[in-house]
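Colleague: To be precise about what I am sending: the file is called run_0.cif and holds mmCIF, C-alpha atoms and all ligand atoms.
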```cif
data_coords
loop_
_atom_site.label_atom_id
_atom_site.label_comp_id
_atom_site.auth_asym_id
_atom_site.auth_seq_id
_atom_site.Cartn_x
_atom_site.Cartn_y
_atom_site.Cartn_z
CA MET B 198 -56.63 18.66 26.30
CA GLU B 199 -56.31 20.87 23.27
CA GLU B 200 -52.56 20.28 23.15
CA SER B 201 -53.15 16.57 23.37
CA LEU B 202 -55.70 16.60 20.53
CA LYS B 203 -53.33 18.64 18.38
CA ALA B 204 -50.46 16.21 18.98
CA GLY B 205 -52.58 13.31 17.72
CA GLN B 206 -54.00 15.35 14.86
CA LYS B 207 -50.54 16.32 13.64
CA ILE B 208 -49.51 12.68 13.33
CA LEU B 209 -52.68 11.76 11.45
CA ALA B 210 -52.34 14.77 9.14
CA GLY B 211 -48.84 13.58 8.21
CA GLY B 212 -50.20 10.16 7.24
CA GLY B 213 -49.07 8.60 10.55
CA SER B 214 -50.68 5.63 12.22
CA ALA B 215 -53.56 5.60 14.69
CA ILE B 216 -51.21 3.93 17.20
CA ASP B 217 -48.70 6.79 16.98
CA ALA B 218 -51.49 9.38 17.22
CA VAL B 219 -52.95 7.77 20.34
CA ILE B 220 -49.54 7.58 22.01
CA ALA B 221 -48.70 11.20 21.19
CA ALA B 222 -52.04 12.39 22.57
CA ILE B 223 -51.70 10.36 25.76
CA LYS B 224 -48.10 11.39 26.45
CA ILE B 225 -49.13 15.04 26.66
CA MET B 226 -51.68 14.18 29.34
CA GLU B 227 -49.27 11.88 31.18
CA ASP B 228 -46.75 14.71 31.38
CA SER B 229 -49.31 17.11 32.81
CA PRO B 230 -49.66 17.17 36.62
CA ILE B 231 -53.43 17.65 36.42
CA PHE B 232 -54.57 14.32 34.98
CA ASN B 233 -54.51 11.05 36.88
CA ALA B 234 -51.82 9.45 34.69
CA GLY B 235 -48.03 9.72 34.56
CA LYS B 236 -46.90 12.80 36.48
CA GLY B 237 -50.31 13.45 38.09
CA ALA B 238 -50.96 9.87 39.24
CA VAL B 239 -52.83 9.26 42.47
CA PHE B 240 -51.39 7.41 45.49
CA THR B 241 -51.92 3.87 46.77
CA ALA B 242 -52.88 3.28 50.41
CA ASP B 243 -49.19 2.84 51.24
CA GLY B 244 -48.18 6.07 49.56
CA PHE B 245 -46.82 4.66 46.29
CA ASN B 246 -47.69 5.66 42.75
CA GLU B 247 -48.42 2.57 40.66
CA LEU B 248 -49.30 3.21 37.06
CA ASP B 249 -51.30 1.16 34.57
CA ALA B 250 -51.52 1.69 30.80
CA SER B 251 -52.53 -0.15 27.64
CA ILE B 252 -52.54 0.18 23.88
CA MET B 253 -54.36 -1.83 21.21
CA ASP B 254 -54.03 -1.95 17.45
CA GLY B 255 -57.40 -2.56 15.77
CA ALA B 256 -55.84 -3.75 12.50
CA THR B 257 -53.91 -6.71 13.92
CA LYS B 258 -55.58 -6.99 17.36
CA ARG B 259 -52.09 -6.81 18.82
CA ALA B 260 -52.05 -5.19 22.25
CA GLY B 261 -49.69 -4.39 25.09
CA ALA B 262 -50.08 -3.22 28.66
CA VAL B 263 -48.13 -2.45 31.81
CA ALA B 264 -49.49 -2.53 35.33
CA MET B 265 -48.16 -1.35 38.70
CA SER B 266 -45.21 0.46 37.13
CA ARG B 267 -43.42 2.60 39.68
CA ALA B 268 -40.81 4.14 37.43
CA ILE B 269 -41.82 4.58 33.78
CA LYS B 270 -42.24 8.27 32.99
CA ASN B 271 -44.72 7.54 30.20
CA PRO B 272 -46.45 4.22 30.91
CA ILE B 273 -48.16 4.31 27.50
CA GLU B 274 -44.68 3.87 25.97
CA GLY B 275 -44.21 0.88 28.26
CA ALA B 276 -47.46 -0.57 26.90
CA ARG B 277 -46.19 -0.14 23.35
CA LEU B 278 -42.96 -1.96 24.28
CA VAL B 279 -44.91 -4.93 25.60
CA MET B 280 -46.86 -5.03 22.33
CA ASP B 281 -43.86 -4.61 20.05
CA LYS B 282 -41.02 -6.33 21.88
CA THR B 283 -42.47 -9.24 23.84
CA LYS B 284 -44.64 -12.30 23.32
CA HIS B 285 -46.90 -11.11 26.13
CA THR B 286 -49.84 -8.76 26.49
CA LEU B 287 -49.57 -7.54 30.09
CA ILE B 288 -46.44 -7.13 32.19
CA ALA B 289 -46.75 -5.95 35.78
CA GLY B 290 -44.57 -4.48 38.51
CA GLU B 291 -40.82 -4.90 38.51
CA GLY B 292 -40.92 -6.74 35.20
CA ALA B 293 -42.58 -3.79 33.49
CA ASP B 294 -40.02 -1.36 34.87
CA LYS B 295 -37.15 -3.68 33.92
CA LEU B 296 -38.42 -4.04 30.35
CA ALA B 297 -38.74 -0.27 30.02
CA ARG B 298 -35.28 0.38 31.48
CA GLU B 299 -33.64 -2.19 29.24
CA ASN B 300 -35.27 -0.67 26.18
CA GLY B 301 -34.17 2.86 26.95
CA LEU B 302 -37.46 4.44 28.03
CA GLU B 303 -37.20 7.48 30.25
CA MET B 304 -37.28 6.31 33.87
CA VAL B 305 -38.07 8.34 36.98
CA ASP B 306 -38.11 7.74 40.72
CA GLN B 307 -41.26 7.82 42.84
CA LYS B 308 -40.60 11.46 43.78
CA TYR B 309 -41.30 12.48 40.19
CA TYR B 310 -44.97 11.60 40.58
CA PHE B 311 -45.44 13.55 43.80
CA THR B 312 -48.02 16.31 43.63
CA GLN B 313 -49.38 18.03 46.69
CA HIS B 314 -53.03 17.78 45.68
CA ARG B 315 -52.80 14.02 45.11
CA TRP B 316 -51.12 13.62 48.50
CA GLU B 317 -53.91 15.58 50.14
CA GLN B 318 -56.45 13.39 48.37
CA LEU B 319 -54.80 10.33 49.90
CA GLU B 320 -54.83 11.84 53.36
CA GLU B 321 -58.49 12.71 53.00
CA ALA B 322 -59.35 9.27 51.63
CA LYS B 323 -57.55 7.59 54.51
CA LYS B 324 -59.38 9.71 57.04
CA LYS B 325 -62.72 8.74 55.53
CA GLU B 326 -61.60 5.17 54.83
CA GLU B 327 -62.63 5.61 51.21
CA LEU B 328 -61.43 4.30 47.88
CA LEU B 329 -61.63 7.38 45.69
CA LEU B 330 -62.45 7.41 42.03
CA ASP B 331 -60.71 10.48 40.77
CA SER B 332 -63.44 11.65 38.46
CA ASP B 333 -66.21 10.99 40.95
CA LYS B 334 -65.14 12.37 44.26
CA GLN B 335 -62.22 14.69 43.83
CA ARG B 336 -64.14 17.83 43.21
CA ALA B 337 -62.14 20.82 42.21
CA HIS B 338 -59.01 19.46 43.80
CA LEU B 339 -56.88 21.92 41.89
CA GLY B 340 -59.19 24.84 42.35
CA LEU B 341 -59.41 25.00 38.56
CA TYR B 342 -62.96 23.80 38.09
CA THR B 343 -66.02 23.44 40.19
CA GLU B 344 -66.75 19.93 38.94
CA PRO B 345 -64.62 16.78 38.89
CA TYR B 346 -63.36 16.91 35.34
CA LEU B 347 -59.91 15.40 35.60
CA GLY B 348 -58.94 11.79 35.88
CA THR B 349 -57.64 8.82 33.94
CA VAL B 350 -56.70 9.58 30.34
CA GLY B 351 -57.52 7.81 27.11
CA ALA B 352 -57.52 8.28 23.37
CA ALA B 353 -58.94 6.53 20.32
CA ALA B 354 -58.00 7.24 16.71
CA LEU B 355 -58.79 6.28 13.12
CA ASP B 356 -56.01 6.84 10.57
CA SER B 357 -56.03 7.41 6.80
CA LYS B 358 -55.54 3.68 6.15
CA GLY B 359 -58.70 2.89 8.07
CA ASN B 360 -56.87 1.51 11.08
CA LEU B 361 -58.18 2.05 14.58
CA ALA B 362 -56.20 2.22 17.83
CA ALA B 363 -56.96 2.95 21.45
CA GLY B 364 -54.89 3.71 24.54
CA THR B 365 -55.58 4.23 28.24
CA SER B 366 -53.30 5.42 31.05
CA THR B 367 -53.96 5.90 34.76
CA GLY B 368 -52.66 6.10 38.29
CA GLY B 369 -55.74 4.11 39.33
CA MET B 370 -57.82 4.97 42.37
CA THR B 371 -56.67 6.97 45.39
CA ASN B 372 -56.13 4.73 48.44
CA LYS B 373 -56.23 1.55 46.31
CA MET B 374 -54.39 -1.40 47.82
CA THR B 375 -50.77 -1.51 46.80
CA GLY B 376 -50.63 -4.10 44.01
CA ARG B 377 -54.22 -3.56 42.88
CA ILE B 378 -54.61 -3.54 39.11
CA GLY B 379 -57.60 -1.81 37.55
CA ASP B 380 -59.34 -2.08 34.20
CA SER B 381 -57.08 0.33 32.33
CA PRO B 382 -54.37 -2.25 31.45
CA ILE B 383 -56.90 -5.04 30.86
CA ILE B 384 -57.61 -5.45 27.16
CA GLY B 385 -61.36 -5.78 26.65
CA ALA B 386 -62.10 -3.99 29.93
CA GLY B 387 -60.60 -0.47 29.98
CA ASN B 388 -59.36 -0.51 26.40
CA TYR B 389 -60.25 -2.14 23.10
CA ALA B 390 -59.78 -1.67 19.35
CA ASP B 391 -61.09 -3.68 16.42
CA ASN B 392 -60.96 -2.45 12.83
CA ASP B 393 -64.35 -4.08 12.23
CA SER B 394 -66.04 -2.05 14.95
CA LEU B 395 -64.49 0.67 17.08
CA ALA B 396 -61.61 1.81 19.26
CA LEU B 397 -62.35 2.92 22.80
CA SER B 398 -60.99 3.88 26.17
CA CYS B 399 -62.76 3.72 29.53
CA THR B 400 -62.54 5.51 32.85
CA GLY B 401 -64.32 4.73 36.07
CA THR B 402 -64.68 2.12 38.80
CA GLY B 403 -62.13 -0.26 37.32
CA ASP B 404 -63.03 -3.24 39.44
CA ILE B 405 -66.51 -3.17 37.91
CA PHE B 406 -65.34 -2.35 34.38
CA ILE B 407 -63.30 -5.57 34.52
CA ARG B 408 -66.35 -7.63 35.47
CA VAL B 409 -68.45 -6.11 32.68
CA ALA B 410 -65.60 -6.49 30.16
CA THR B 411 -66.82 -3.04 29.21
CA GLY B 412 -64.50 -2.35 26.28
CA HIS B 413 -65.28 -5.58 24.51
CA GLU B 414 -68.95 -5.29 25.40
CA ALA B 415 -69.28 -1.90 23.67
CA SER B 416 -67.38 -3.17 20.65
CA ALA B 417 -69.59 -6.28 20.44
CA LEU B 418 -72.78 -4.22 20.77
CA TYR B 419 -71.60 -2.09 17.86
CA LYS B 420 -70.51 -5.03 15.74
CA TYR B 421 -73.24 -7.59 16.31
CA LYS B 422 -76.20 -5.49 17.42
CA LYS B 423 -75.38 -2.77 14.91
CA LEU B 424 -75.72 0.01 17.48
CA SER B 425 -74.11 3.40 16.80
CA ALA B 426 -70.83 4.20 18.59
CA THR B 427 -72.65 6.35 21.15
CA LYS B 428 -75.50 3.89 21.67
CA ALA B 429 -73.04 1.01 22.12
CA ALA B 430 -71.11 3.05 24.70
CA GLU B 431 -74.34 3.95 26.50
CA GLU B 432 -75.52 0.34 26.65
CA ALA B 433 -72.16 -0.88 27.99
CA ILE B 434 -72.05 1.93 30.56
CA LYS B 435 -75.56 1.03 31.75
CA GLN B 436 -74.21 -2.38 32.71
CA VAL B 437 -71.44 -0.73 34.74
CA ALA B 438 -74.03 1.45 36.49
CA ALA B 439 -76.22 -1.58 37.19
CA LEU B 440 -73.37 -3.12 39.19
CA GLY B 441 -72.87 0.10 41.17
CA GLY B 442 -70.01 1.55 39.11
CA THR B 443 -69.52 4.98 37.64
CA GLY B 444 -67.45 6.10 34.69
CA GLY B 445 -67.44 6.66 30.98
CA ILE B 446 -66.23 5.72 27.53
CA VAL B 447 -64.72 7.65 24.63
CA SER B 448 -64.69 5.91 21.26
CA VAL B 449 -64.38 6.30 17.53
CA ASP B 450 -65.87 3.82 15.08
CA LYS B 451 -64.49 2.48 11.80
CA ASN B 452 -66.28 5.28 9.92
CA GLY B 453 -64.88 8.02 12.12
CA ASN B 454 -68.00 8.60 14.21
CA PRO B 455 -67.24 9.47 17.82
CA GLY B 456 -69.09 7.85 20.71
CA TYR B 457 -69.33 9.00 24.31
CA ALA B 458 -71.21 7.85 27.35
CA TRP B 459 -70.94 8.31 31.07
CA THR B 460 -72.95 7.15 34.01
CA LYS B 461 -73.76 10.45 35.63
CA ASP B 462 -74.31 14.08 34.87
CA LYS B 463 -71.13 16.06 35.01
CA LEU B 464 -68.90 13.12 35.74
CA GLY B 465 -65.26 13.46 34.75
CA MET B 466 -65.75 13.26 31.05
CA PHE B 467 -63.72 16.21 29.92
CA HIS B 468 -63.20 15.16 26.30
CA GLY B 469 -62.48 16.33 22.78
CA GLU B 470 -62.33 15.52 19.09
CA ALA B 471 -59.88 16.40 16.36
CA ARG B 472 -60.25 15.86 12.64
CA VAL B 473 -57.50 16.53 10.14
CA GLY B 474 -57.87 20.02 8.72
CA GLN B 475 -60.27 21.21 11.43
CA GLU B 476 -59.78 22.99 14.73
CA PRO B 477 -59.89 20.52 17.63
CA LYS B 478 -63.00 20.71 19.79
CA VAL B 479 -62.96 20.37 23.55
CA PHE B 480 -66.13 19.54 25.45
CA PHE B 481 -66.87 19.90 29.10
CA PRO B 482 -69.38 17.42 30.44
CA VAL B 483 -72.98 18.30 29.78
CA ALA B 484 -75.99 16.95 31.55
CA LYS B 485 -77.34 13.92 29.70
N1 LIG V 501 -60.40 3.05 35.81
C1 LIG V 501 -59.33 3.46 36.69
C2 LIG V 501 -59.02 2.35 37.64
O1 LIG V 501 -59.93 1.75 38.18
C3 LIG V 501 -59.62 4.70 37.46
C4 LIG V 501 -60.20 5.86 36.71
O2 LIG V 501 -60.61 5.72 35.57
O3 LIG V 501 -60.25 6.97 37.29
O4 LIG V 501 -57.87 2.13 37.92
#
```
What's the structure tokens form of this structure?
Modeller:
Amino acid sequence: MEESLKAGQKILAGGGSAIDAVIAAIKIMEDSPIFNAGKGAVFTADGFNELDASIMDGATKRAGAVAMSRAIKNPIEGARLVMDKTKHTLIAGEGADKLARENGLEMVDQKYYFTQHRWEQLEEAKKKEELLLDSDKQRAHLGLYTEPYLGTVGAAALDSKGNLAAGTSTGGMTNKMTGRIGDSPIIGAGNYADNDSLALSCTGTGDIFIRVATGHEASALYKYKKLSATKAAEEAIKQVAALGGTGGIVSVDKNGNPGYAWTKDKLGMFHGEARVGQEPKVFFPVAK
């Protein structure tokens, strides 16, 4: 987490864009086997790894996303390609992998994503016939922590030009149906950025985050109801909880104020903040 914050911070300190900072921060977490994104992605019911990711630029409202990728090493880079190189916003499956391959992104085979602990999670989920939300149920699966801190990854940034950007990347939910797409690559659900309000990334029960349009909801609450970044995140998350979902939001508003909210005490909201010229701060979830 600290490494990821520093990667984003370095780009912002050099006058780089919020988009580049978000991508740099997310790539570090995608390359780590411990988060549910990139290398550490969870398995589908049929034993595949299918990855979803998105990126949004708050200045132009341009966005890109990939879903169900089985071969892009860093799906967040695939999302950027969709934004920069196509007329589309979301490309799924084979098409996403083809686009990435043709544009020279680093490609991997399914074996790359294999991790023993994720495989064991799938076996356990199958036994119990459960759809597992990584942050909710997979307690201490690495033996590193005693609480479920690790899951989907996301980042939001504000750069020196006042531009906001947000990105989200995930392997989804353990034992999800092959072909299932969650909220993470859906702009307005698991990800959103608007220079007039905030940039945010969500984690949680994706199928419910889609129905709440959680990302846009938090942004709208900030913009039209004039709630603070944290209050807007809390209000949006309450709607997720009301429909039986769990999860959380990380955000930063146009003035650089961070916002966090999650549905439950000690849910997987391992998070941090980095400001240029200051040591990054990492927070473990605290009871709210
Ligand atoms: N939101 C993700 C999904 O539903 C899962 C997660 O955040 O852990 O695919």
Colleague: Residues within 7 Å of ligand LIG 501 (chain V) should be enumerated using only C-alpha atoms and all ligand atoms and returned as a PyMOL selection string.
Modeller: chain B and resi 330-332+348-349+367-370+378-381+387+399-404+444
Colleague: Can those selected residues be exported to a file as a PDB file, in the frame of the given file so that it contains C-alpha atoms?
Modeller:
```
ATOM      1  CA  LEU B 330     -62.450   7.410  42.030  1.00  0.00           C
ATOM      2  CA  ASP B 331     -60.710  10.480  40.770  1.00  0.00           C
ATOM      3  CA  SER B 332     -63.440  11.650  38.460  1.00  0.00           C
ATOM      4  CA  GLY B 348     -58.940  11.790  35.880  1.00  0.00           C
ATOM      5  CA  THR B 349     -57.640   8.820  33.940  1.00  0.00           C
ATOM      6  CA  THR B 367     -53.960   5.900  34.760  1.00  0.00           C
ATOM      7  CA  GLY B 368     -52.660   6.100  38.290  1.00  0.00           C
ATOM      8  CA  GLY B 369     -55.740   4.110  39.330  1.00  0.00           C
ATOM      9  CA  MET B 370     -57.820   4.970  42.370  1.00  0.00           C
ATOM     10  CA  ILE B 378     -54.610  -3.540  39.110  1.00  0.00           C
ATOM     11  CA  GLY B 379     -57.600  -1.810  37.550  1.00  0.00           C
ATOM     12  CA  ASP B 380     -59.340  -2.080  34.200  1.00  0.00           C
ATOM     13  CA  SER B 381     -57.080   0.330  32.330  1.00  0.00           C
ATOM     14  CA  GLY B 387     -60.600  -0.470  29.980  1.00  0.00           C
ATOM     15  CA  CYS B 399     -62.760   3.720  29.530  1.00  0.00           C
ATOM     16  CA  THR B 400     -62.540   5.510  32.850  1.00  0.00           C
ATOM     17  CA  GLY B 401     -64.320   4.730  36.070  1.00  0.00           C
ATOM     18  CA  THR B 402     -64.680   2.120  38.800  1.00  0.00           C
ATOM     19  CA  GLY B 403     -62.130  -0.260  37.320  1.00  0.00           C
ATOM     20  CA  ASP B 404     -63.030  -3.240  39.440  1.00  0.00           C
ATOM     21  CA  GLY B 444     -67.450   6.100  34.690  1.00  0.00           C
TER      22      GLY B 444
END
```
Colleague: So, with only C-alpha atoms as the atoms that count, which of B:Phe240, B:Trp459, B:Phe232, B:Trp316 lies closest to B:Lys373?
Modeller: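 Checking each of B:Phe240, B:Trp459, B:Phe232, B:Trp316 against B:Lys373, counting only C-alpha atoms, the winner is B:Phe240.
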Colleague: Find the residue from B:Val263, B:Thr371, B:Ala234, B:Ala221 that sits nearest to B:Leu319; use all atoms listed in the file when measuring.
Modeller: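 Residue with the minimum atom-to-atom distance to B:Leu319: B:Thr371.
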Colleague: Residues within 9 Å of B:Gly412, please, as a list in words. Count only C-alpha atoms; anything in the same chain fewer than 2 positions from it doesn't count.
Modeller: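 Those residues are Ile384, Gly385, Ala386, Gly387, Asn388, Tyr389, Ala390, Ala396, Leu397, Ser398, Cys399, Phe406, Ile407, Val409, Ala410, Glu414, Ala415, Ser416, Ala417, Ala430, Ala433 and Ile446 of chain B.
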Colleague: Nearest residue to B:Gly205 out of B:Asn360, B:Gly275, B:Leu355, B:Ala429, using all atoms listed in the file?
Modeller: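 Using all atoms listed in the file, B:Gly205 sits closest to B:Leu355.
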Colleague: With 5 Å on each side, where is the centre of the axis-aligned box around all listed atoms of stretch 313-323 of chain B, and how long are its edges in Å to one decimal, as AutoDock Vina command-line options?
Modeller:
```
--center_x -54.4 --center_y 12.8 --center_z 49.8 --size_x 20.0 --size_y 20.4 --size_z 19.4
```
Colleague: Which residue is closest to B:Ser229? Choose from B:Leu248, B:Glu470, B:Val350, B:Lys325 and count only C-alpha atoms.
Modeller: B:Val350
Colleague: Hey, what's within 10 Å of B:Gly292 if we count only C-alpha atoms and toss same-chain stuff fewer than 3 positions away? As a count of residues only, please?
Modeller: 10
Colleague: To one decimal place in Å, what is the distance between atom CA of B:Thr283 and atom CA of B:Ala353?
Modeller: 23.1 Å
Colleague: Using Å and a single decimal, report how far atom CA of B:Gly235 sits from atom CA of B:Glu321.
Modeller: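 Atom-to-atom, atom CA of B:Glu321 and atom CA of B:Gly235 are spaced 21.4 Å apart.
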Colleague: Any idea what's packed within 9 Å of stretch 422-425 of chain B, counting only C-alpha atoms, ignoring anything in its chain fewer than 6 positions away? Could you give it as a PDB file with C-alpha atoms, in the frame of the given file?
Modeller:
```
ATOM      1  CA  ASP B 450     -65.870   3.820  15.080  1.00  0.00           C
ATOM      2  CA  ASN B 454     -68.000   8.600  14.210  1.00  0.00           C
ATOM      3  CA  GLY B 456     -69.090   7.850  20.710  1.00  0.00           C
TER       4      GLY B 456
END
```
